[in-house]
Each structure stands twice: as structure tokens, then as C-alpha cells.
There are 2 protein chains.
Amino acid sequence: MKIVCSKSNLLNGVNIVSKAVPNKTTMSILECILIDASEGQIKLTANDNELGIETVIEGNIKEKGKIALDAKILSNIIRKLPDNDVSIECDSSLKTFIKCDKANFTIIGKPADEFTYLPEIERLDSILVSQFTLKEIIDQTIFSIADNDNNKIMTGELFEVSGSTLKVVSLDGHRISIRKVSLKNNYPNKKVIVPGKTLQEISKILTGGTDKEVSVFFTGKHIIFEFDKTIVVSRLIEGEYFKIDQMLSSDYETKITIRKKDFYDSIDRATLLVKEGDKKPIILSITEGEIELKINSTIGSLDEKISIEKQGKDLMVGFNPKFIMDALRVIDDENIDIYLVNPKAPCFIKDSEENYIYMILPVNFTTVG
Amino acid sequence: MKIVCSKSNLLNGVNIVSKAVPNKTTMSILECILIDASEGQIKLTANDNELGIETVIEGNIKEKGKIALDAKILSNIIRKLPDNDVSIECDSSLKTFIKCDKANFTIIGKPADEFTYLPEIERLDSILVSQFTLKEIIDQTIFSIADNDNNKIMTGELFEVSGSTLKVVSLDGHRISIRKVSLKNNYPNKKVIVPGKTLQEISKILTGGTDKEVSVFFTGKHIIFEFDKTIVVSRLIEGEYFKIDQMLSSDYETKITIRKKDFYDSIDRATLLVKEGDKKPIILSITEGEIELKINSTIGSLDEKISIEKQGKDLMVGFNPKFIMDALRVIDDENIDIYLVNPKAPCFIKDSEENYIYMILPVNFTTVG
């Protein structure tokens, strides 16, 4: 095999497919990127059998062939080459020569036939969504998936299509995040659970704006994202997602409207009094026109007041400050509405159209002083 | 005590003196910043008994007094406050209230009389140097101090004043870095060894340009840097510095001139084949008009040629690539001259006026293939 392409094309391609290279594995072939120039185009692939990414890059094929190269070494070498054309050439002994200007690297590849290609999947059922929107709804929900495997379903996100609406849901037992977006077309109903890891990696490689589209294909076991010259294939998580509609309620006893930035900054200040791993709640006292935040720790205490608009009853309620900050960070609105019932019931941060709903369970607290 | 100052003044002052707060200590008073508003100005001090920093900040003293506050907590709190006036007030029980807008922090301070003030030192013998120049000569030499305490003297830098020249030297047993700068005035000769840690911290707080000056005072046991409204006092390292003139030589068998960027980039590429902790040398083959760099490791090999101008004999010599890169990184010249004798003798990277001299010892290598 011998190919020639620009450093920037090569680096871009390697960066994209590297997202499917596992950090830790005992199978060294999984740490490789396959360069396949055997069929008239230069295709890079990485595949850890859960998540696979394939991308086609521009370049010249001087001699057809394919080779698997260690992803980290390849990416390090390409990154440090001068900005010029790079040639990659391998011989039958797997010796691979990477040349650029006067630099000649020699590394040893692995046989391409050890590599597992992406599964061949029939692409029938698909929806279209802009790269920008897909990235945004992932980033706005991904933080509330569970980070351990105790409940596999919680490590993924629900992707639900009904008519022209795409709804994305994540939950971790303490909170639920829901985002809804409108699609340009109407589609048959679909409901799948996509692994959180897949979504985290896709979010990193989606750079396009609102004018660039992603085709999302659904099959029984897989979801496929196709955009630019890249294909991402991921296994789905099997099982039935939680019935979240039962957990949502539109009843409330207290509704407040607050400037998001003031609320965020104040909680941010409060958390610096909390040592890592310490589960100190932040206590909110809601009264007419004002919310008082209080936190008490071994380091010290903070007491701060913020102006609000209030409807309904006064209330004192405690929350894990991180959960509130996570939700506030991904809301774009300047002012937000928070709906509360009592110190034991979840609070809801949501807009009037319910394009976003962030439900957060309160925590118990003891009132001292 | 009660003081009021702007968040930015306070934060700036806290950041400066925090450089003298040790990362690890069993004496909690050393982790504190002293706020002293007992004498008509607001003075912040931190002092770990080796290095002490004092700075005066603008502000209003509403009530005279002083208090010692944990540096990390204070700095975290100030950083997260709104951009507005901050008041710090403490009562006789050491309870300290930090207020800004509607935020009220309460923390517990320590008694000011537990705090060790900076030593009172007679300031007689001093030189003037610009902030820019002082920062630059530190940054251009500090990387080659020894990072362990086996030889205390190697952990510091020689500061030598003779006439109107300031010479700064560091060495670690494998290399020597020397920088010379001209001073505006003539001064009596001086020779002291300044702890590397002091210089690293000073470099971080020197932000001024060529128009802002630092007064450097010398005493038998201390060096004092005075600039803006800040005073840095450091103990000196006792002992006699190495006789470096004996280690320098101007004889050479081979002199090359090379584009610094090409040389640096090529070595940078080569080092990605070297695993951390592995001591692979880079081998340079110097011939007419060309230098060939070679490195061989378990990961792979690199071979690269760079055009040079050469005087004298051909030569093959091996170096620790990091040592060469460290020197190249702090040289501003586009083209550099390197002087060599043989594969066992040190090489010298220096300019014709010897304003900088970087001496690097070669390493043994075995020529294979």
C-alpha cells in the first residue's frame, strides 16, 4: 500500500476515528486504526465492537492495499509532522514508512485481516437532524447519565422519535434531564437506548453548524450516525427504558423566576466551602421576592440573598448543589422558572413549552442556627 | 479589623503573596496569608521562612487590626465573588466575615501573632534591573537546575554581578546554562546562590515590561526583590558555587549553523518514539551541508536530514534530546551556532557575544544498522 495525503486531512481523519479506540484493552488490534486503500478510496476505521467509526479522507492512492497501525503512535507522528504532504507506505513484512519532507518514520503495523470491520447494516429507517442540534441535545443531557454499570440502562440515553419530535432523556436516580427538538419531517415512532459513551464521542466529532445534517439510522440492535464523510455505528443498550412520564408532574405549590446567572454564581461560590466527596446540601429559603441560599461546612459558611419573583407558598428545601449547577450550565435562558412542591418532592426547572425539563430530587437537611 | 477593597485589587494581592505559601506543611499558620491593616496601609504577607512575600494593596481601612486567613480558602472565595467592593471584617473571636454584594462568607481566622513576619533586613547593596529582563533570564536558565536535593547548590542559580554585567548560571551535572545581561549602572562585585524555588515563584509574579524596574538587594544571608508594591525576601543557599569557567572552553573541531526551528521540530518528532523514562539518545551525524538525526526505539525509528552550514570535521554524536530542546526553546535567534569537539566532549550552543552559553554533555550510543 502507498498513499499520499495532506497532513491536515490525515490528522483530521485520524482524530475522528480515534474516538472509537478504547483507552484500555488487552487486544492490541483494537488499539489500531485500519487504513484501507484497497478499493479506490482511503478509508480510516476504528472499532472496539461497541462503537465503530469510519471516515473517508482525500488523498492519492499510489498502490492499493491496507494496514492496521497503532492509533496513538500514528496520531502522535502525524500531529508532529510539518504541514505538507505525507506518504504512508507499507511492505509485505508490515514495515510502514511515514514520510514528510525530510522526515522518515518507520513503524511496524499489524495485518489488516486481524481487524474487525464495522458490521454491515441495512439502512432503512432514518431521521435527519442538524449537526448543531444533535451536538447540543447531547451536551444538554449527557451529564445526568449514571457513571457506573449497576444499572446498564441508566448509562445510556433514551432517543425517542414521535412524529416530528425528537426527545432525548437521561437519568441517574437523582435527576432526570429531558430535551425536545422539532425535526423538519414526520417520522414513524422509534424508541432506542444509546450508550452514553457513544454520544460523548459523537459530540466531540460533530463540528458542523445548523446547515450540516446528520442522518440517524435505527435498526434493532444498532444506531448509525452518518455525516460529512463519517459513519458512526454503535450498539444499542437492550431493554425497556424507564417510564419517565409517571415521574413528571405539573402540580406545584411554589413557582419562582430567577436570573440564571445570579443563581449559578451564588451556588458556585457556595460549593467552594464543600470539600470534594463531602455531600453538603445547599439550603434554599424561598420567601416573598427573595431566595436565601445557605451552606455550612467545616471550612465556613455562606449566606446569600437573590431577588426572585415568587408565586405560591414559602418553602425551605435542600439540594445537591452540583445537580442544580449541571442543569443551569446547559440552559440558555436568561431567566428560569423553578417549580416546587415541598421539601421531599422533586423540583422542576423547565420552560413553558417544556422543550427542556430538568427534574432534581431534593436532599434531607437539618436546620441548624 | 475592617477593610474594604475592590475584588480585583484583593485578588491580585492574594495571588502574589500566595506564591510563598508552601504546598505541603504541617504548620497550619504557614498556610495563611496575614492581612495587616494595623498601620495605615493594607499589607498582605505570606512566609514559609525560606521565601516570604509582602504586598500592599489599595483599599480603605474602616477599623485597624490584623488577621491570618487560610490562603487557599481566601483565594477561592475572592476569586468567585462578584466584581465589586469586598469587605473583610473580623471580630475578637477570629470569626471573619467576607462580604460582597449580597454574599456573606463566614470563616475562622488564626491569630496574627502566630504569624512570622518577614525578617527585617538592612537594604544597602542593590542593583536595578527591568522586570522583563529579570523574568527572561530566570526563564532562560531555570530548567537546568537540579530537581533533587542531593547537591543543595545545584538546586539554586548563581547570580553574579561584576561591573555592569549580571550573569546567571544554572547546572545539573549534565548541562550548564549561562545568561549575561547588561545593567544600566556599574556595581561592586557580588556572587550569591539563589534558591530555584524563589526564582520560579518570582518569575510568575513579574508581569511588568522593560520600563518597570526591580531593585535587587543583597545581604549575607538574603536576597530581596522589590518592585511595584511587592517585596520578596528569600534566604540564599550557603556555599561556594561551582567554578564554571574551568568547564567552558572555546576550542572546537566542528562548528555548525542551523535553523533553530527545523532542529527543534525534528527533535520533537524524534522524542515521540521515546517512552517516558526511557533514555534513548538522539544521534546526530554531521557531514558537509547536512545533519542527519536518527533515533531508534521499540516503537519505531526516525531518520531526518536538515541543511546546515558546517566548518571543520565530520562528526557523529549522541545527546539526550530533552536537553537540546530545553536550550533551543529559550533561544530567540532564528539561526544558532553549535560548537563540538568529539563524541565524548560537551557541545556548546552560544551566540558570538556569549550573551548565552548552553553547554550539554553528550551521551554514549551504540551504532547499530
# chains A, B, ... in the order shown; residues from 1 in each chain; ligands from 1

$ residues_around --residues "Ser307 of chain A" --least-positions-apart "5" --cutoff "12 Å" --atoms "only C-alpha atoms" --output "count of residues only"
19

$ closest_atom_pairs --of "chain A" --to "chain B" --cutoff "8 Å" --atoms "only C-alpha atoms" --output "CSV"
residue,atom,partner,partner_atom,distance
A:Ile73,CA,B:Ile299,CA,8.0
A:Asn76,CA,B:Leu272,CA,6.9
A:Ile77,CA,B:Arg269,CA,6.9
A:Lys80,CA,B:Arg269,CA,5.7
A:Leu81,CA,B:Arg269,CA,7.1
A:Lys102,CA,B:Glu304,CA,5.4
A:Ala103,CA,B:Glu304,CA,4.3
A:Asn104,CA,B:Asp303,CA,5.1
A:Phe105,CA,B:Leu302,CA,4.4
A:Thr106,CA,B:Ser301,CA,5.1
A:Ile107,CA,B:Gly300,CA,4.4
A:Ile108,CA,B:Gly300,CA,7.0
A:Asp265,CA,B:Lys80,CA,7.7
A:Ser266,CA,B:Ala103,CA,7.7
A:Asp268,CA,B:Lys80,CA,7.5
A:Arg269,CA,B:Lys80,CA,5.7
A:Leu272,CA,B:Asn76,CA,6.9
A:Ile299,CA,B:Ile107,CA,6.6
A:Gly300,CA,B:Ile107,CA,4.4
A:Ser301,CA,B:Thr106,CA,5.1
A:Leu302,CA,B:Phe105,CA,4.4
A:Asp303,CA,B:Asn104,CA,5.1
A:Glu304,CA,B:Ala103,CA,4.3
A:Lys305,CA,B:Lys102,CA,5.6
A:Ile306,CA,B:Lys102,CA,7.4

$ residues_around --residues "Asp326 of chain A" --least-positions-apart "6" --cutoff "12 Å" --atoms "only C-alpha atoms" --output "list in words"
Asp139, Gln140, Thr141, Ile142, Phe143, Ser144, Ile145, Arg175, Ile176, Ser177, Tyr264, Ile267, Asp268, Asn320, Ile349, Tyr358, Met359 and Ile360 of chain A

$ atom_distance --atom1 "atom CA of Asp91 of chain A" --atom2 "atom CA of Asn15 of chain A"
24.8 Å

$ residues_around --residues "Thr55 of chain A" --least-positions-apart "2" --cutoff "8 Å" --atoms "only C-alpha atoms" --output "PyMOL selection string"
chain A and resi 13+16-17+43-45+53+57+229-231

$ closest_residue --among "A:Lys344, A:Arg235, A:Lys184, A:His222" --to "Val317 of chain A" --atoms "only C-alpha atoms"
A:Lys344

$ select_by_dssp --residues "segment 146-268 of chain A" --states "alpha helix (DSSP H)" --output "list of chain:residue names"
A:Gly196, A:Lys197, A:Thr198, A:Leu199, A:Gln200, A:Glu201, A:Ile202, A:Ser203, A:Lys204, A:Ile205, A:Lys260, A:Lys261, A:Asp262, A:Phe263, A:Tyr264, A:Asp265, A:Ser266, A:Ile267, A:Asp268

$ write_last_selection --atoms "all heavy atoms" --output "short mmCIF file (atom, residue, chain, number, x, y, z; two decimals), in the first residue's frame"
data_model
loop_
_atom_site.label_atom_id
_atom_site.label_comp_id
_atom_site.auth_asym_id
_atom_site.auth_seq_id
_atom_site.Cartn_x
_atom_site.Cartn_y
_atom_site.Cartn_z
N GLY A 196 -24.16 6.03 26.52
CA GLY A 196 -23.64 7.36 26.81
C GLY A 196 -22.28 7.58 26.19
O GLY A 196 -21.99 8.66 25.65
N LYS A 197 -21.43 6.57 26.22
CA LYS A 197 -20.08 6.71 25.66
C LYS A 197 -20.14 7.08 24.17
O LYS A 197 -19.40 7.94 23.71
CB LYS A 197 -19.30 5.42 25.87
CG LYS A 197 -18.01 5.34 25.08
CD LYS A 197 -16.92 4.63 25.82
CE LYS A 197 -15.54 4.78 25.19
NZ LYS A 197 -15.41 5.36 23.89
N THR A 198 -21.03 6.41 23.43
CA THR A 198 -21.19 6.72 22.01
C THR A 198 -21.54 8.19 21.82
O THR A 198 -20.96 8.89 20.99
CB THR A 198 -22.34 5.87 21.42
OG1 THR A 198 -21.97 4.50 21.47
CG2 THR A 198 -22.65 6.26 19.99
N LEU A 199 -22.47 8.67 22.64
CA LEU A 199 -22.92 10.06 22.47
C LEU A 199 -21.83 11.05 22.85
O LEU A 199 -21.65 12.08 22.21
CB LEU A 199 -24.18 10.28 23.31
CG LEU A 199 -25.37 9.40 22.89
CD1 LEU A 199 -26.51 9.52 23.88
CD2 LEU A 199 -25.84 9.79 21.48
N GLN A 200 -21.06 10.72 23.90
CA GLN A 200 -19.95 11.60 24.28
C GLN A 200 -18.94 11.72 23.14
O GLN A 200 -18.47 12.82 22.84
CB GLN A 200 -19.24 11.05 25.54
CG GLN A 200 -19.97 11.41 26.82
CD GLN A 200 -19.68 10.46 27.96
OE1 GLN A 200 -19.19 9.35 27.77
NE2 GLN A 200 -20.01 10.89 29.19
N GLU A 201 -18.64 10.61 22.51
CA GLU A 201 -17.65 10.65 21.42
C GLU A 201 -18.21 11.35 20.20
O GLU A 201 -17.52 12.13 19.55
CB GLU A 201 -17.18 9.23 21.08
CG GLU A 201 -16.53 8.47 22.24
CD GLU A 201 -15.37 9.21 22.89
OE1 GLU A 201 -14.75 10.07 22.24
OE2 GLU A 201 -15.09 8.94 24.09
N ILE A 202 -19.47 11.10 19.86
CA ILE A 202 -20.07 11.77 18.71
C ILE A 202 -20.09 13.28 18.92
O ILE A 202 -19.78 14.06 18.02
CB ILE A 202 -21.50 11.26 18.47
CG1 ILE A 202 -21.43 9.88 17.84
CG2 ILE A 202 -22.29 12.22 17.58
CD1 ILE A 202 -22.74 9.39 17.33
N SER A 203 -20.43 13.69 20.12
CA SER A 203 -20.49 15.12 20.39
C SER A 203 -19.13 15.77 20.09
O SER A 203 -19.08 16.90 19.62
CB SER A 203 -20.89 15.33 21.85
OG SER A 203 -20.55 16.62 22.26
N LYS A 204 -18.04 15.03 20.36
CA LYS A 204 -16.71 15.61 20.12
C LYS A 204 -16.39 15.77 18.64
O LYS A 204 -15.60 16.63 18.27
CB LYS A 204 -15.63 14.72 20.76
CG LYS A 204 -15.62 14.76 22.27
CD LYS A 204 -14.52 13.84 22.81
CE LYS A 204 -14.82 13.41 24.23
NZ LYS A 204 -14.13 12.16 24.59
N ILE A 205 -16.95 14.90 17.79
CA ILE A 205 -16.57 15.00 16.37
C ILE A 205 -17.59 15.76 15.53
O ILE A 205 -17.35 16.02 14.36
CB ILE A 205 -16.25 13.61 15.75
CG1 ILE A 205 -17.39 12.63 15.94
CG2 ILE A 205 -14.98 13.05 16.33
CD1 ILE A 205 -17.09 11.24 15.37
N LYS A 260 -30.76 33.40 35.92
CA LYS A 260 -29.96 32.18 35.95
C LYS A 260 -28.53 32.44 36.42
O LYS A 260 -27.99 31.71 37.24
CB LYS A 260 -29.93 31.54 34.55
CG LYS A 260 -29.41 30.13 34.58
CD LYS A 260 -28.99 29.65 33.20
CE LYS A 260 -27.72 30.34 32.77
NZ LYS A 260 -27.16 29.79 31.53
N LYS A 261 -27.92 33.51 35.89
CA LYS A 261 -26.52 33.77 36.21
C LYS A 261 -26.32 34.03 37.71
O LYS A 261 -25.37 33.54 38.32
CB LYS A 261 -26.02 34.97 35.40
CG LYS A 261 -24.52 35.18 35.54
CD LYS A 261 -24.00 36.30 34.69
CE LYS A 261 -22.48 36.46 34.83
NZ LYS A 261 -21.96 36.37 36.19
N ASP A 262 -27.23 34.81 38.30
CA ASP A 262 -27.11 35.10 39.73
C ASP A 262 -27.18 33.81 40.54
O ASP A 262 -26.42 33.60 41.49
CB ASP A 262 -28.26 36.02 40.20
CG ASP A 262 -28.13 37.41 39.61
OD1 ASP A 262 -27.05 37.73 39.08
OD2 ASP A 262 -29.12 38.17 39.67
N PHE A 263 -28.14 32.96 40.16
CA PHE A 263 -28.36 31.70 40.88
C PHE A 263 -27.13 30.80 40.74
O PHE A 263 -26.60 30.26 41.72
CB PHE A 263 -29.61 31.02 40.30
CG PHE A 263 -30.19 29.93 41.16
CD1 PHE A 263 -30.13 29.98 42.54
CD2 PHE A 263 -30.84 28.84 40.57
CE1 PHE A 263 -30.69 28.97 43.33
CE2 PHE A 263 -31.40 27.83 41.34
CZ PHE A 263 -31.32 27.90 42.72
N TYR A 264 -26.63 30.71 39.51
CA TYR A 264 -25.46 29.85 39.25
C TYR A 264 -24.24 30.34 40.02
O TYR A 264 -23.56 29.57 40.71
CB TYR A 264 -25.16 29.82 37.74
CG TYR A 264 -24.01 28.90 37.40
CD1 TYR A 264 -24.24 27.56 37.10
CD2 TYR A 264 -22.70 29.35 37.39
CE1 TYR A 264 -23.20 26.71 36.81
CE2 TYR A 264 -21.65 28.51 37.11
CZ TYR A 264 -21.90 27.19 36.81
OH TYR A 264 -20.86 26.34 36.55
N ASP A 265 -23.95 31.63 39.91
CA ASP A 265 -22.76 32.19 40.57
C ASP A 265 -22.82 31.99 42.08
O ASP A 265 -21.81 31.70 42.73
CB ASP A 265 -22.62 33.68 40.26
CG ASP A 265 -22.20 33.92 38.82
OD1 ASP A 265 -21.83 32.95 38.15
OD2 ASP A 265 -22.25 35.09 38.38
N SER A 266 -24.02 32.15 42.63
CA SER A 266 -24.16 32.03 44.07
C SER A 266 -23.91 30.58 44.52
O SER A 266 -23.22 30.33 45.51
CB SER A 266 -25.56 32.51 44.45
OG SER A 266 -25.79 32.24 45.80
N ILE A 267 -24.45 29.62 43.78
CA ILE A 267 -24.22 28.22 44.14
C ILE A 267 -22.74 27.87 43.93
O ILE A 267 -22.14 27.14 44.71
CB ILE A 267 -25.11 27.28 43.30
CG1 ILE A 267 -26.58 27.64 43.52
CG2 ILE A 267 -24.88 25.83 43.68
CD1 ILE A 267 -27.53 26.88 42.62
N ASP A 268 -22.17 28.43 42.88
CA ASP A 268 -20.75 28.20 42.60
C ASP A 268 -19.89 28.67 43.78
O ASP A 268 -18.97 27.99 44.21
CB ASP A 268 -20.39 28.98 41.32
CG ASP A 268 -19.00 28.63 40.81
OD1 ASP A 268 -18.54 27.50 41.06
OD2 ASP A 268 -18.37 29.49 40.16
#

$ closest_residue --among "A:Thr254, A:Asn151, A:Thr26, A:Asn342" --to "Lys310 of chain A" --atoms "only C-alpha atoms"
A:Thr254

$ atom_distance --atom1 "atom CA of Glu353 of chain A" --atom2 "atom CA of Ile193 of chain A"
24.5 Å

$ residues_around --residues "Asp125 of chain A" --least-positions-apart "2" --cutoff "9 Å" --atoms "only C-alpha atoms" --output "PyMOL selection string"
chain A and resi 122-123+127+187-188+216-219

$ write_last_selection --atoms "C-alpha atoms" --output "PDB file, in the first residue's frame"
ATOM      1  CA  GLU A 122     -29.248  -2.274   6.297  1.00  0.00           C
ATOM      2  CA  ARG A 123     -30.070   1.397   6.426  1.00  0.00           C
ATOM      3  CA  ILE A 127     -34.234  10.693  10.561  1.00  0.00           C
ATOM      4  CA  TYR A 187     -41.204  10.029  11.034  1.00  0.00           C
ATOM      5  CA  PRO A 188     -42.606   6.736  12.336  1.00  0.00           C
ATOM      6  CA  VAL A 216     -29.526   8.815  12.011  1.00  0.00           C
ATOM      7  CA  PHE A 217     -30.459   5.225  11.103  1.00  0.00           C
ATOM      8  CA  PHE A 218     -32.167   2.854  13.500  1.00  0.00           C
ATOM      9  CA  THR A 219     -32.045  -0.928  13.443  1.00  0.00           C
TER      10      THR A 219
END

$ closest_residue --among "A:Leu206, A:Ser38, A:Asp228, A:Ile137" --to "Leu166 of chain A" --atoms "only C-alpha atoms"
A:Ile137

$ closest_residue --among "A:Gly277, A:Gly163, A:Gly173, A:Gly239" --to "Asn185 of chain A" --atoms "only C-alpha atoms"
A:Gly163

$ closest_residue --among "B:Arg329, B:Leu10, B:Glu253, B:Ala68" --to "Cys90 of chain B" --atoms "only C-alpha atoms"
B:Ala68

$ closest_residue --among "B:Lys7, B:Lys2, B:Lys24, B:His174" --to "Ile61 of chain B" --atoms "only C-alpha atoms"
B:Lys2

$ select_by_dssp --residues "segment 13-257 of chain A" --states "strand (DSSP E or B)" --output "PyMOL selection string"
chain A and resi 32-36+42-47+51-57+60-63+66-70+85-90+95-100+103-108+110+125-130+156-171+175-195+213-218+222-227+230-235+254-257

$ atom_distance --atom1 "atom CA of Thr25 of chain B" --atom2 "atom CA of Glu54 of chain B"
19.8 Å
